[in-house]
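Data file: query-v7.cif. Format and content: mmCIF, C-alpha atoms.
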data_work
loop_
_atom_site.label_atom_id
_atom_site.label_comp_id
_atom_site.auth_asym_id
_atom_site.auth_seq_id
_atom_site.Cartn_x
_atom_site.Cartn_y
_atom_site.Cartn_z
CA MET A 79 0.00 0.00 0.00
CA THR A 80 1.35 3.42 -1.01
CA ASP A 81 2.17 5.70 1.93
CA VAL A 82 0.57 8.97 0.81
CA ARG A 83 1.78 10.97 3.80
CA ARG A 84 5.32 9.78 3.16
CA ILE A 85 5.04 11.00 -0.45
CA ALA A 86 3.80 14.38 0.77
CA ALA A 87 6.62 14.65 3.31
CA ASP A 88 9.27 13.85 0.69
CA ALA A 89 7.81 16.47 -1.67
CA LEU A 90 7.63 19.15 1.02
CA LEU A 91 11.19 18.35 2.03
CA LEU A 92 12.27 19.12 -1.55
CA ALA A 93 10.47 22.46 -1.27
CA GLU A 94 12.14 23.13 2.07
CA GLU A 95 15.51 22.54 0.43
CA GLY A 96 14.64 24.77 -2.54
CA ARG A 97 14.68 21.87 -5.00
CA ALA A 98 11.00 21.56 -5.84
CA GLY A 99 10.40 24.02 -8.68
CA VAL A 100 6.94 25.37 -9.44
CA ASN A 101 3.63 23.51 -9.15
CA LEU A 102 4.95 20.97 -6.66
CA SER A 103 1.65 19.14 -6.22
CA GLY A 104 1.26 18.82 -10.00
CA GLN A 105 4.70 17.24 -10.28
CA VAL A 106 3.90 14.77 -7.53
CA LEU A 107 0.49 13.85 -8.96
CA ASP A 108 2.07 13.23 -12.37
CA LYS A 109 4.64 10.92 -10.78
CA TYR A 110 2.02 9.00 -8.80
CA SER A 111 -0.72 9.01 -11.43
CA TYR A 112 -1.58 5.40 -10.55
CA LEU A 113 -3.03 6.39 -7.18
CA ASP A 114 -6.81 6.23 -6.74
CA ARG A 115 -8.83 9.44 -6.81
CA GLN A 116 -9.21 9.69 -3.03
CA SER A 117 -5.48 9.29 -2.43
CA ARG A 118 -4.63 11.84 -5.10
CA SER A 119 -7.09 14.32 -3.65
CA PHE A 120 -5.68 13.86 -0.13
CA LEU A 121 -2.11 14.18 -1.40
CA LYS A 122 -2.85 17.36 -3.35
CA ARG A 123 -4.60 19.03 -0.46
CA LEU A 124 -1.95 18.06 2.08
CA ILE A 125 0.92 19.38 -0.04
CA GLU A 126 -0.77 22.56 -1.18
CA GLY A 127 -2.40 23.32 2.16
CA THR A 128 0.78 22.84 4.19
CA ILE A 129 2.59 25.23 1.87
CA GLU A 130 -0.24 27.75 1.77
CA ARG A 131 -0.64 27.93 5.57
CA ARG A 132 3.06 27.76 6.42
CA ILE A 133 3.31 31.11 8.22
CA THR A 134 0.22 30.39 10.32
CA ILE A 135 1.43 26.87 11.13
CA ASP A 136 4.88 28.10 12.14
CA HIS A 137 3.28 30.62 14.49
CA VAL A 138 1.30 27.82 16.14
CA LEU A 139 4.34 25.58 16.44
CA ASP A 140 6.37 28.36 18.02
CA LEU A 141 3.65 28.72 20.65
CA TYR A 142 3.72 25.07 21.69
CA SER A 143 7.19 23.77 20.88
CA ARG A 144 10.21 24.22 23.11
CA THR A 145 12.33 24.33 19.95
CA PRO A 146 11.59 27.28 17.62
CA VAL A 147 10.62 26.30 14.08
CA ARG A 148 13.73 27.93 12.61
CA LYS A 149 15.98 25.68 14.74
CA MET A 150 14.21 22.38 14.04
CA LYS A 151 15.74 19.68 11.88
CA LYS A 152 14.22 20.19 8.44
CA GLU A 153 12.66 16.70 8.40
CA VAL A 154 11.02 17.31 11.76
CA ARG A 155 9.88 20.78 10.72
CA VAL A 156 8.21 19.47 7.55
CA MET A 157 6.41 16.64 9.33
CA LEU A 158 5.24 18.82 12.20
CA ARG A 159 3.85 21.32 9.70
CA MET A 160 1.96 18.50 7.98
CA GLY A 161 0.60 17.31 11.31
CA VAL A 162 -0.58 20.77 12.35
CA TYR A 163 -2.19 21.35 8.96
CA GLN A 164 -4.19 18.15 9.32
CA LEU A 165 -5.24 19.08 12.87
CA LEU A 166 -6.35 22.62 12.08
CA TYR A 167 -7.59 22.49 8.50
CA MET A 168 -8.54 18.95 7.47
CA ASP A 169 -11.85 18.17 9.15
CA GLY A 170 -11.97 14.73 7.58
CA VAL A 171 -8.81 13.61 9.37
CA PRO A 172 -9.38 12.49 13.00
CA ALA A 173 -7.02 14.18 15.44
CA HIS A 174 -5.62 10.86 16.63
CA ALA A 175 -4.75 9.92 13.05
CA ALA A 176 -3.05 13.27 12.38
CA VAL A 177 -0.89 12.76 15.47
CA SER A 178 -0.16 9.04 15.21
CA GLU A 179 0.62 9.14 11.48
CA THR A 180 3.06 12.01 11.94
CA VAL A 181 4.77 10.14 14.79
CA ARG A 182 4.97 7.06 12.56
CA LEU A 183 6.71 9.09 9.85
CA ILE A 184 9.22 10.52 12.31
CA ARG A 185 10.09 7.04 13.54
CA LYS A 186 11.18 6.14 10.01
CA THR A 187 13.74 8.96 9.90
CA PRO A 188 17.15 9.31 11.56
CA PHE A 189 15.36 11.40 14.19
CA SER A 190 13.17 8.65 15.60
CA ASN A 191 14.33 9.61 19.09
CA LEU A 192 12.24 12.79 18.68
CA SER A 193 8.98 10.88 18.20
CA GLY A 194 7.94 11.59 21.80
CA TYR A 195 8.58 15.29 21.33
CA VAL A 196 6.56 15.34 18.08
CA ASN A 197 3.72 13.49 19.77
CA ALA A 198 3.67 15.96 22.68
CA VAL A 199 3.72 19.04 20.42
CA LEU A 200 0.86 17.83 18.24
CA ARG A 201 -1.26 16.77 21.17
CA THR A 202 -0.76 20.18 22.76
CA VAL A 203 -1.80 21.89 19.51
CA ASP A 204 -4.89 19.69 19.38
CA ARG A 205 -5.88 20.54 22.96
CA ASN A 206 -5.47 24.26 22.31
CA ARG A 207 -6.83 24.52 18.78
CA ASP A 208 -9.76 26.71 19.89
CA LYS A 209 -7.69 29.10 22.00
CA ILE A 210 -4.61 29.79 19.91
CA ALA A 211 -3.10 33.19 20.77
CA TRP A 212 -2.79 35.29 17.62
CA PRO A 213 -0.66 38.45 17.46
CA ASP A 214 -2.35 41.48 18.99
CA ARG A 215 -3.89 43.39 16.09
CA SER A 216 -3.99 46.67 17.98
CA GLU A 217 -0.23 46.52 18.55
CA ASP A 218 0.94 45.21 15.18
CA GLU A 219 -1.69 44.97 12.45
CA ILE A 220 0.81 43.90 9.78
CA ARG A 221 2.02 40.99 11.91
CA TYR A 222 -1.53 39.98 12.80
CA LEU A 223 -2.72 39.87 9.16
CA SER A 224 0.47 38.09 8.09
CA VAL A 225 -0.02 35.30 10.62
CA VAL A 226 -3.79 34.90 10.31
CA TYR A 227 -3.75 34.82 6.49
CA SER A 228 -0.30 33.24 6.14
CA CYS A 229 1.22 35.92 3.94
CA PRO A 230 4.67 37.53 4.12
CA GLU A 231 4.62 40.86 5.94
CA TRP A 232 6.02 42.85 3.02
CA ILE A 233 3.09 41.80 0.82
CA VAL A 234 0.59 42.68 3.56
CA LYS A 235 2.22 46.09 3.94
CA LYS A 236 2.21 46.65 0.18
CA LEU A 237 -1.48 45.79 -0.19
CA ILE A 238 -2.48 48.03 2.72
CA GLY A 239 -0.39 50.88 1.34
CA GLU A 240 -2.03 50.63 -2.08
CA TYR A 241 -5.63 49.75 -1.19
CA GLY A 242 -6.22 50.36 2.50
CA THR A 243 -6.73 47.82 5.27
CA ASP A 244 -10.26 46.66 4.42
CA ARG A 245 -9.55 45.85 0.79
CA ALA A 246 -6.16 44.38 1.63
CA GLU A 247 -7.72 42.06 4.17
CA SER A 248 -10.38 40.94 1.68
CA LEU A 249 -7.61 40.04 -0.77
CA LEU A 250 -5.71 38.16 1.93
CA GLU A 251 -8.86 36.28 2.91
CA LEU A 252 -9.42 35.40 -0.75
CA SER A 253 -5.91 33.97 -0.91
CA VAL A 254 -6.77 31.26 1.63
CA THR A 255 -10.35 30.59 0.54
CA LYS A 256 -11.12 27.48 -1.49
CA ARG A 257 -13.06 28.39 -4.63
CA PRO A 258 -14.77 26.33 -7.30
CA VAL A 259 -13.06 25.33 -10.52
CA THR A 260 -14.60 27.10 -13.51
CA ALA A 261 -14.71 26.20 -17.18
CA ARG A 262 -15.54 28.25 -20.27
CA VAL A 263 -17.97 26.76 -22.77
CA ASN A 264 -16.85 26.69 -26.41
CA LEU A 265 -20.03 28.23 -27.79
CA SER A 266 -19.08 27.53 -31.40
CA LYS A 267 -19.30 23.82 -30.55
CA THR A 268 -22.11 23.49 -27.99
CA THR A 269 -24.50 25.29 -25.67
CA VAL A 270 -24.16 26.07 -21.97
CA GLU A 271 -27.05 23.71 -21.25
CA GLU A 272 -25.39 20.78 -23.02
CA ALA A 273 -22.04 21.57 -21.42
CA CYS A 274 -23.65 21.49 -17.96
CA ALA A 275 -25.35 18.19 -18.72
CA LEU A 276 -22.16 16.55 -19.96
CA SER A 277 -19.85 17.99 -17.30
CA GLY A 278 -22.03 17.81 -14.21
CA GLY A 279 -21.35 21.49 -13.67
CA VAL A 280 -23.74 24.36 -13.10
CA ALA A 281 -24.07 27.59 -15.06
CA SER A 282 -22.27 30.56 -13.49
CA ASN A 283 -24.36 33.44 -12.21
CA ILE A 284 -21.55 35.85 -13.10
CA CYS A 285 -20.58 34.95 -16.65
CA ALA A 286 -23.11 33.62 -19.17
CA PHE A 287 -20.71 31.18 -20.85
CA ALA A 288 -19.01 29.82 -17.73
CA VAL A 289 -19.65 26.55 -15.90
CA MET A 290 -18.74 25.92 -12.26
CA ALA A 291 -17.69 22.48 -11.09
CA PRO A 292 -19.55 21.24 -8.01
CA ALA A 293 -17.54 20.47 -4.90
CA HIS A 294 -15.54 17.22 -4.97
CA LYS A 295 -16.09 16.72 -8.72
CA ASN A 296 -13.21 16.67 -11.18
CA ILE A 297 -14.68 18.33 -14.23
CA THR A 298 -11.67 17.34 -16.35
CA GLU A 299 -12.88 13.74 -16.17
CA SER A 300 -16.22 14.64 -17.78
CA ARG A 301 -17.43 13.95 -21.32
CA ALA A 302 -17.67 17.68 -21.94
CA PHE A 303 -13.96 18.18 -21.24
CA ALA A 304 -12.82 15.10 -23.15
CA SER A 305 -14.86 16.21 -26.16
CA GLY A 306 -13.38 19.72 -26.14
CA LEU A 307 -16.67 21.40 -25.35
CA ILE A 308 -15.25 23.19 -22.31
CA CYS A 309 -11.88 24.63 -21.29
CA ILE A 310 -10.71 25.08 -17.70
CA GLN A 311 -10.36 28.84 -17.25
CA ASP A 312 -10.88 31.35 -14.45
CA ILE A 313 -13.76 33.76 -14.92
CA SER A 314 -11.38 36.71 -14.65
CA SER A 315 -9.34 35.37 -17.55
CA MET A 316 -12.47 34.85 -19.65
CA LEU A 317 -13.16 38.57 -19.55
CA VAL A 318 -10.12 39.45 -21.68
CA CYS A 319 -11.48 38.07 -24.95
CA LEU A 320 -15.06 38.94 -24.01
CA VAL A 321 -14.32 42.68 -23.82
CA ALA A 322 -11.79 42.69 -26.67
CA GLY A 323 -14.68 42.80 -29.15
CA ILE A 324 -13.22 40.00 -31.28
CA GLN A 325 -15.04 39.61 -34.58
CA LYS A 326 -15.42 36.31 -36.44
CA THR A 327 -12.93 37.24 -39.20
CA ASP A 328 -10.29 38.85 -36.95
CA ILE A 329 -6.62 37.95 -36.74
CA VAL A 330 -5.76 37.64 -33.05
CA LEU A 331 -2.23 37.48 -31.63
CA ASP A 332 -1.75 36.09 -28.11
CA LEU A 333 1.82 36.86 -27.04
CA CYS A 334 2.07 34.91 -23.75
CA ALA A 335 -0.47 32.21 -24.49
CA ALA A 336 0.32 29.12 -22.37
CA PRO A 337 -1.61 27.11 -21.35
CA GLY A 338 -3.90 28.48 -24.04
CA GLY A 339 -7.14 29.55 -22.36
CA LYS A 340 -7.36 32.98 -23.97
CA ALA A 341 -6.12 31.74 -27.36
CA LEU A 342 -8.81 29.05 -27.41
CA HIS A 343 -11.43 31.61 -26.40
CA ALA A 344 -10.27 33.86 -29.23
CA ALA A 345 -10.49 30.92 -31.66
CA ASP A 346 -14.02 30.24 -30.46
CA LEU A 347 -14.94 33.84 -31.35
CA ALA A 348 -12.86 34.37 -34.52
CA VAL A 349 -14.29 31.26 -36.19
CA GLU A 350 -13.50 32.54 -39.71
CA GLY A 351 -10.32 34.31 -38.69
CA ARG A 352 -6.98 33.18 -37.30
CA VAL A 353 -5.32 33.06 -33.89
CA VAL A 354 -1.54 33.03 -33.46
CA ALA A 355 -0.63 31.69 -30.02
CA CYS A 356 2.94 32.38 -28.94
CA ASP A 357 5.11 31.50 -26.00
CA VAL A 358 8.75 31.37 -25.05
CA SER A 359 9.46 27.62 -24.73
CA GLU A 360 8.62 24.34 -26.41
CA LYS A 361 7.30 23.05 -23.08
CA LYS A 362 4.78 25.87 -22.88
CA LEU A 363 3.79 25.42 -26.50
CA SER A 364 3.08 21.75 -25.85
CA LEU A 365 0.49 22.77 -23.24
CA ILE A 366 -1.25 24.95 -25.81
CA GLU A 367 -1.13 22.22 -28.45
CA GLU A 368 -2.68 19.67 -26.08
CA ASN A 369 -5.65 21.96 -25.55
CA ILE A 370 -5.96 22.76 -29.25
CA GLN A 371 -6.05 19.07 -30.14
CA ARG A 372 -8.64 18.30 -27.49
CA CYS A 373 -10.89 21.13 -28.60
CA ALA A 374 -10.23 20.51 -32.32
CA PHE A 375 -9.81 24.15 -33.32
CA SER A 376 -8.28 24.46 -36.79
CA ASN A 377 -7.86 28.23 -36.76
CA ILE A 378 -4.97 28.42 -34.27
CA GLU A 379 -1.31 28.58 -35.22
CA VAL A 380 1.21 27.89 -32.44
CA ARG A 381 4.47 29.80 -32.70
CA LEU A 382 7.66 29.77 -30.61
CA ASN A 383 8.41 33.39 -29.78
CA ASP A 384 10.07 35.41 -27.03
CA ALA A 385 7.61 38.25 -26.46
CA THR A 386 10.40 40.56 -25.27
CA VAL A 387 12.10 40.34 -28.68
CA PHE A 388 10.44 42.16 -31.59
CA ASP A 389 9.46 39.89 -34.50
CA GLU A 390 9.24 41.97 -37.68
CA THR A 391 7.18 39.26 -39.41
CA MET A 392 4.29 40.08 -37.06
CA GLU A 393 4.45 43.87 -37.38
CA GLY A 394 1.02 45.36 -38.04
CA MET A 395 -0.60 41.94 -38.51
CA ALA A 396 -3.23 41.74 -35.77
CA ASP A 397 -6.73 43.11 -35.32
CA VAL A 398 -6.44 42.18 -31.65
CA VAL A 399 -3.29 41.64 -29.58
CA ILE A 400 -3.57 39.93 -26.19
CA ALA A 401 -0.74 40.65 -23.77
CA ASP A 402 -1.34 38.72 -20.55
CA VAL A 403 2.13 39.44 -19.27
CA PRO A 404 4.20 37.61 -16.62
CA CYS A 405 3.46 39.27 -13.29
CA SER A 406 3.85 39.01 -9.53
CA GLY A 407 0.66 36.92 -9.23
CA LEU A 408 -0.60 38.63 -6.08
CA GLY A 409 -4.16 38.17 -7.28
CA VAL A 410 -3.89 34.39 -7.56
CA MET A 411 -2.04 33.48 -4.36
CA GLY A 412 -4.94 31.18 -3.51
CA ARG A 413 -4.49 29.18 -6.71
CA LYS A 414 -0.68 29.19 -6.72
CA ASN A 415 0.16 28.61 -3.08
CA ASP A 416 3.93 29.11 -3.29
CA ILE A 417 3.94 32.47 -5.13
CA LYS A 418 3.97 34.53 -1.95
CA TYR A 419 7.08 32.82 -0.62
CA ASN A 420 9.13 33.02 -3.81
CA LEU A 421 8.39 36.65 -4.67
CA THR A 422 10.52 39.56 -3.44
CA GLU A 423 10.04 43.33 -3.49
CA ASP A 424 12.97 43.71 -5.89
CA ALA A 425 11.43 41.15 -8.26
CA VAL A 426 8.34 43.33 -8.76
CA GLY A 427 10.48 46.14 -10.19
CA SER A 428 12.22 43.70 -12.53
CA LEU A 429 8.86 42.40 -13.69
CA VAL A 430 7.71 45.89 -14.65
CA SER A 431 10.73 46.27 -16.93
CA LEU A 432 9.99 42.88 -18.51
CA GLN A 433 6.31 43.75 -18.94
CA ARG A 434 7.09 47.00 -20.70
CA SER A 435 9.42 45.31 -23.16
CA ILE A 436 6.55 42.98 -24.09
CA LEU A 437 3.98 45.77 -24.26
CA THR A 438 6.23 47.90 -26.48
CA ASN A 439 6.36 45.07 -29.00
CA ALA A 440 2.65 44.35 -28.64
CA VAL A 441 1.83 47.89 -29.78
CA ARG A 442 3.85 47.39 -32.98
CA TYR A 443 1.97 44.20 -33.83
CA LEU A 444 -1.36 46.04 -34.03
CA ARG A 445 -2.82 46.97 -37.39
CA PRO A 446 -4.18 50.54 -37.68
CA GLY A 447 -7.41 50.68 -35.70
CA GLY A 448 -6.54 47.48 -33.86
CA ARG A 449 -7.14 46.72 -30.22
CA LEU A 450 -4.69 45.75 -27.49
CA MET A 451 -5.83 43.88 -24.38
CA PHE A 452 -3.33 44.09 -21.52
CA SER A 453 -3.92 41.93 -18.44
CA THR A 454 -2.27 40.60 -15.30
CA CYS A 455 -3.29 38.38 -12.40
CA THR A 456 -1.99 40.78 -9.78
CA CYS A 457 -3.14 43.74 -7.67
CA SER A 458 0.16 45.60 -7.81
CA ARG A 459 -0.36 49.21 -8.93
CA GLU A 460 3.01 49.61 -10.64
CA GLU A 461 2.33 46.50 -12.72
CA ASN A 462 -1.24 47.54 -13.55
CA GLU A 463 -2.08 51.25 -13.51
CA GLY A 464 1.61 52.04 -13.98
CA ASN A 465 1.78 50.05 -17.20
CA ARG A 466 -1.55 51.48 -18.35
CA ASP A 467 -0.09 54.97 -17.99
CA PHE A 468 3.00 53.81 -19.88
CA LEU A 469 0.90 52.58 -22.81
CA ILE A 470 -1.03 55.85 -22.96
CA LYS A 471 1.82 58.32 -22.40
CA GLU A 472 4.82 56.57 -23.92
CA CYS A 473 3.22 54.33 -26.56
CA HIS A 474 0.50 56.85 -27.48
CA LEU A 475 -2.43 54.42 -27.29
CA LYS A 476 -5.98 55.51 -26.53
CA PRO A 477 -8.07 53.82 -23.81
CA ALA A 478 -10.88 51.66 -25.20
CA ALA A 479 -13.99 51.56 -23.01
CA PHE A 480 -15.65 48.17 -22.43
CA TYR A 481 -18.24 48.82 -19.73
CA ASP A 482 -21.15 47.61 -21.88
CA LEU A 483 -19.38 44.33 -22.68
CA LEU A 484 -18.88 43.27 -19.05
CA PRO A 485 -21.21 40.89 -17.20
CA ASP A 486 -23.60 42.94 -15.05
CA MET A 487 -22.12 41.71 -11.75
CA LEU A 488 -18.65 42.90 -12.74
CA LYS A 489 -19.49 46.32 -14.16
CA ASP A 490 -17.41 49.11 -12.67
CA ASP A 491 -17.18 52.77 -13.64
CA THR A 492 -13.48 52.45 -14.46
CA ALA A 493 -14.47 50.29 -17.46
CA HIS A 494 -15.78 53.50 -19.06
CA GLU A 495 -12.13 54.55 -19.03
CA GLY A 496 -10.96 51.22 -20.43
CA TYR A 497 -9.68 49.35 -17.39
CA LEU A 498 -10.89 47.15 -14.54
CA GLN A 499 -9.25 45.91 -11.35
CA LEU A 500 -10.99 42.88 -9.86
CA PHE A 501 -10.55 42.03 -6.19
CA GLY A 502 -12.34 38.68 -6.00
CA LYS A 503 -16.04 39.33 -6.61
CA ASP A 504 -18.07 37.07 -4.30
CA LYS A 505 -14.88 34.98 -4.03
CA LEU A 506 -15.55 33.72 -7.58
CA THR A 507 -12.99 35.81 -9.44
CA ASP A 508 -9.29 36.37 -8.91
CA GLY A 509 -7.46 39.57 -8.18
CA PHE A 510 -7.11 40.47 -11.85
CA PHE A 511 -6.45 43.56 -13.98
CA LEU A 512 -7.37 44.20 -17.60
CA ALA A 513 -7.14 47.26 -19.80
CA GLY A 514 -8.15 47.87 -23.41
CA PHE A 515 -6.54 50.23 -25.93
CA THR A 516 -6.71 51.28 -29.57
CA ASN A 517 -3.93 52.80 -31.63
#
Translate the structure of the given file into structure tokens.
Amino acid sequence: MTDVRRIAADALLLAEEGRAGVNLSGQVLDKYSYLDRQSRSFLKRLIEGTIERRITIDHVLDLYSRTPVRKMKKEVRVMLRMGVYQLLYMDGVPAHAAVSETVRLIRKTPFSNLSGYVNAVLRTVDRNRDKIAWPDRSEDEIRYLSVVYSCPEWIVKKLIGEYGTDRAESLLELSVTKRPVTARVNLSKTTVEEACALSGGVASNICAFAVMAPAHKNITESRAFASGLICIQDISSMLVCLVAGIQKTDIVLDLCAAPGGKALHAADLAVEGRVVACDVSEKKLSLIEENIQRCAFSNIEVRLNDATVFDETMEGMADVVIADVPCSGLGVMGRKNDIKYNLTEDAVGSLVSLQRSILTNAVRYLRPGGRLMFSTCTCSREENEGNRDFLIKECHLKPAAFYDLLPDMLKDDTAHEGYLQLFGKDKLTDGFFLAGFTN
């Protein structure tokens, strides 16, 4: 019998040593694809949850362990974090199992002599789970929000500085809130009603062509997904092509296309036109091609291209250019649980420079009268409003209003000025920015 907790511990140890790379749970699930659905679900949640709640868990451990977290042996630290996560956040795991299974894992390491210590710490956490002492908010609000929502203090401070405490806290809460998986219906191939029937999903009350997966259902195992009738895509991301005003004969260029959600949406709209989906590596292109083959769109061309390097063959070619640029990802911390730990303040400045090199090229790829859609999955002002100002002042583009094209629940007055910052509407959208322009 496969020891799922052992697999999780080994994976988290790689992360602790800085050897895991991105999307750790995805790597592990690919390696252990033979596991049954229940085991895979448990494994995914344990890995992702332990990473996501690391700051909160470390605070709890420091309260009840005689050895501070920073001084623990890394193997012990990883396994204690797993144990605390199961105790505090996994209702389906009995407390005795969370404790005994963690002790069992420790006994199989060179630190088996610490099994008694591990047992005592976890039992103490369990006894005190309803009376954990959090930092005093009145004395240090940054520290309090950081610990409660498990987010580095510099990010908390940044969000408060840019949006105020209330909005910052709503974003932090969103980052640790489980939300449903959404899929976009390929309307050129089916209807929303048929997609719901074949996927087991329900129609979204926000976006007319979106389907939400019910809890505990893997929509990618449905007939609708296998037949290419739906594409997994966040509602925020769906808005980009929706408000771009893509016509059926348009040529659309997607500069940073992987895994292909926006390019496929564009192909679904430009049914008599052409979509050129670009990205920087063969690995990323393979993700796009997998989705194209599944959905059987014949009007998409996949092209290897570094968006920061101008390609004269694409100059003036596109009716619509989509530039969903690499960003800090502060709006999707809840979907990418390790972003907040790998990002630094200095990295944000470097990203802005990268983004502007892409946007400068994107402007040159527009035909006269064309439309540029710029988007990010962050809430960082310098990456969003700062780049919007750059496109208007330095690249001489004109804002393109899209208020009337937005779903009613997402309408905001700023869309009259050609931009929209989402902060997680009803916890069903991400923190996401989009802006439209014409030349």
Could you write out as a list in words the residues that the PyMOL selection byres ((chain A and resi 382) around 9) matches in the shown file?
->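 What the PyMOL selection byres ((chain A and resi 382) around 9) grabs from the file is Ala355, Cys356, Asp357, Val358, Ser359, Glu360, Leu363, Val380, Arg381, Asn383 and Asp384 of chain A.
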Between A:Leu488, A:Leu512, A:Leu498, A:Ile324, which one has atoms that come closest to A:Val403, using all atoms listed in the file?
->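 The shortest atom-to-atom distance to A:Val403 comes from A:Leu512.
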Picked residues, the PyMOL selection byres ((chain A and resi 120) around 12), expected as a list of chain:residue names | A:Asp81, A:Val82, A:Arg83, A:Ile85, A:Ala86, A:Ser103, A:Leu107, A:Leu113, A:Asp114, A:Arg115, A:Gln116, A:Ser117, A:Arg118, A:Ser119, A:Leu121, A:Lys122, A:Arg123, A:Leu124, A:Ile125, A:Glu126, A:Gly127, A:Thr128, A:Gln164, A:Met168, A:Asp169, A:Gly170, A:Val171, A:His294
Dump as an mmCIF file, keeping the file's coordinate frame, selection limited to C-alpha atoms:
data_model
loop_
_atom_site.group_PDB
_atom_site.id
_atom_site.type_symbol
_atom_site.label_atom_id
_atom_site.label_comp_id
_atom_site.auth_asym_id
_atom_site.auth_seq_id
_atom_site.Cartn_x
_atom_site.Cartn_y
_atom_site.Cartn_z
ATOM 1 C CA ASP A 81 2.170 5.700 1.930
ATOM 2 C CA VAL A 82 0.570 8.970 0.810
ATOM 3 C CA ARG A 83 1.780 10.970 3.800
ATOM 4 C CA ILE A 85 5.040 11.000 -0.450
ATOM 5 C CA ALA A 86 3.800 14.380 0.770
ATOM 6 C CA SER A 103 1.650 19.140 -6.220
ATOM 7 C CA LEU A 107 0.490 13.850 -8.960
ATOM 8 C CA LEU A 113 -3.030 6.390 -7.180
ATOM 9 C CA ASP A 114 -6.810 6.230 -6.740
ATOM 10 C CA ARG A 115 -8.830 9.440 -6.810
ATOM 11 C CA GLN A 116 -9.210 9.690 -3.030
ATOM 12 C CA SER A 117 -5.480 9.290 -2.430
ATOM 13 C CA ARG A 118 -4.630 11.840 -5.100
ATOM 14 C CA SER A 119 -7.090 14.320 -3.650
ATOM 15 C CA LEU A 121 -2.110 14.180 -1.400
ATOM 16 C CA LYS A 122 -2.850 17.360 -3.350
ATOM 17 C CA ARG A 123 -4.600 19.030 -0.460
ATOM 18 C CA LEU A 124 -1.950 18.060 2.080
ATOM 19 C CA ILE A 125 0.920 19.380 -0.040
ATOM 20 C CA GLU A 126 -0.770 22.560 -1.180
ATOM 21 C CA GLY A 127 -2.400 23.320 2.160
ATOM 22 C CA THR A 128 0.780 22.840 4.190
ATOM 23 C CA GLN A 164 -4.190 18.150 9.320
ATOM 24 C CA MET A 168 -8.540 18.950 7.470
ATOM 25 C CA ASP A 169 -11.850 18.170 9.150
ATOM 26 C CA GLY A 170 -11.970 14.730 7.580
ATOM 27 C CA VAL A 171 -8.810 13.610 9.370
ATOM 28 C CA HIS A 294 -15.540 17.220 -4.970
#
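When all atoms listed in the file are used to compute distances to A:Lys256, the closest of the residues A:Gly104, A:Gly96, A:Gly412, A:Gly447 turns out to be A:Gly412.
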Interface rows for stretch 81-116 of chain A against stretch 186-195 of chain A: nearest pair, Å to one decimal, 12 Å, only C-alpha atoms, as JSON lines:
{"residue": "A:Arg84", "atom": "CA", "partner": "A:Lys186", "partner_atom": "CA", "distance": 9.7}
{"residue": "A:Ala87", "atom": "CA", "partner": "A:Thr187", "partner_atom": "CA", "distance": 11.2}
{"residue": "A:Asp88", "atom": "CA", "partner": "A:Thr187", "partner_atom": "CA", "distance": 11.3}
May I have the residues from that selection written out with C-alpha atoms, as a tab-separated table (two decimals), keeping the file's coordinate frame?
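Printed below is part38.tsv as written:
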chain	number	residue	atom	x	y	z
A	84	ARG	CA	5.32	9.78	3.16
A	87	ALA	CA	6.62	14.65	3.31
A	88	ASP	CA	9.27	13.85	0.69
For stretch 216-218 of chain A, work out the shell of residues within 12 Å, counting all atoms listed in the file and skipping chain neighbours fewer than 4 positions away, then give it as a PyMOL selection string.
-> chain A and resi 212+222-225+231+234-235
Reference answer for the PyMOL selection byres ((chain A and resi 351) around 10), as an mmCIF file with C-alpha atoms, keeping the file's coordinate frame:
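Now in out33.cif:
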data_model
loop_
_atom_site.group_PDB
_atom_site.id
_atom_site.type_symbol
_atom_site.label_atom_id
_atom_site.label_comp_id
_atom_site.auth_asym_id
_atom_site.auth_seq_id
_atom_site.Cartn_x
_atom_site.Cartn_y
_atom_site.Cartn_z
ATOM 1 C CA ILE A 324 -13.220 40.000 -31.280
ATOM 2 C CA GLN A 325 -15.040 39.610 -34.580
ATOM 3 C CA LYS A 326 -15.420 36.310 -36.440
ATOM 4 C CA THR A 327 -12.930 37.240 -39.200
ATOM 5 C CA ASP A 328 -10.290 38.850 -36.950
ATOM 6 C CA ILE A 329 -6.620 37.950 -36.740
ATOM 7 C CA VAL A 330 -5.760 37.640 -33.050
ATOM 8 C CA ALA A 344 -10.270 33.860 -29.230
ATOM 9 C CA ALA A 345 -10.490 30.920 -31.660
ATOM 10 C CA ASP A 346 -14.020 30.240 -30.460
ATOM 11 C CA LEU A 347 -14.940 33.840 -31.350
ATOM 12 C CA ALA A 348 -12.860 34.370 -34.520
ATOM 13 C CA VAL A 349 -14.290 31.260 -36.190
ATOM 14 C CA GLU A 350 -13.500 32.540 -39.710
ATOM 15 C CA ARG A 352 -6.980 33.180 -37.300
ATOM 16 C CA VAL A 353 -5.320 33.060 -33.890
ATOM 17 C CA ASN A 377 -7.860 28.230 -36.760
ATOM 18 C CA ILE A 378 -4.970 28.420 -34.270
#
May I have the residues within 12 Å of A:Thr492 as a ChimeraX atom specification, using all atoms listed in the file and disregarding those fewer than 4 positions away in the same chain?
-> /A:463,477-482,484,488,496-500,511-514
Point out the residue among A:Ala374, A:Gly279, A:Ala273, A:Met160 with the least atom-to-atom distance to A:Ala302, counting all atoms listed in the file.
-> A:Ala273
Gap from atom CA of A:Glu495 to atom CA of A:Leu429 - Å, one decimal =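 According to the coordinates, atom CA of A:Glu495 and atom CA of A:Leu429 are separated by 24.8 Å.
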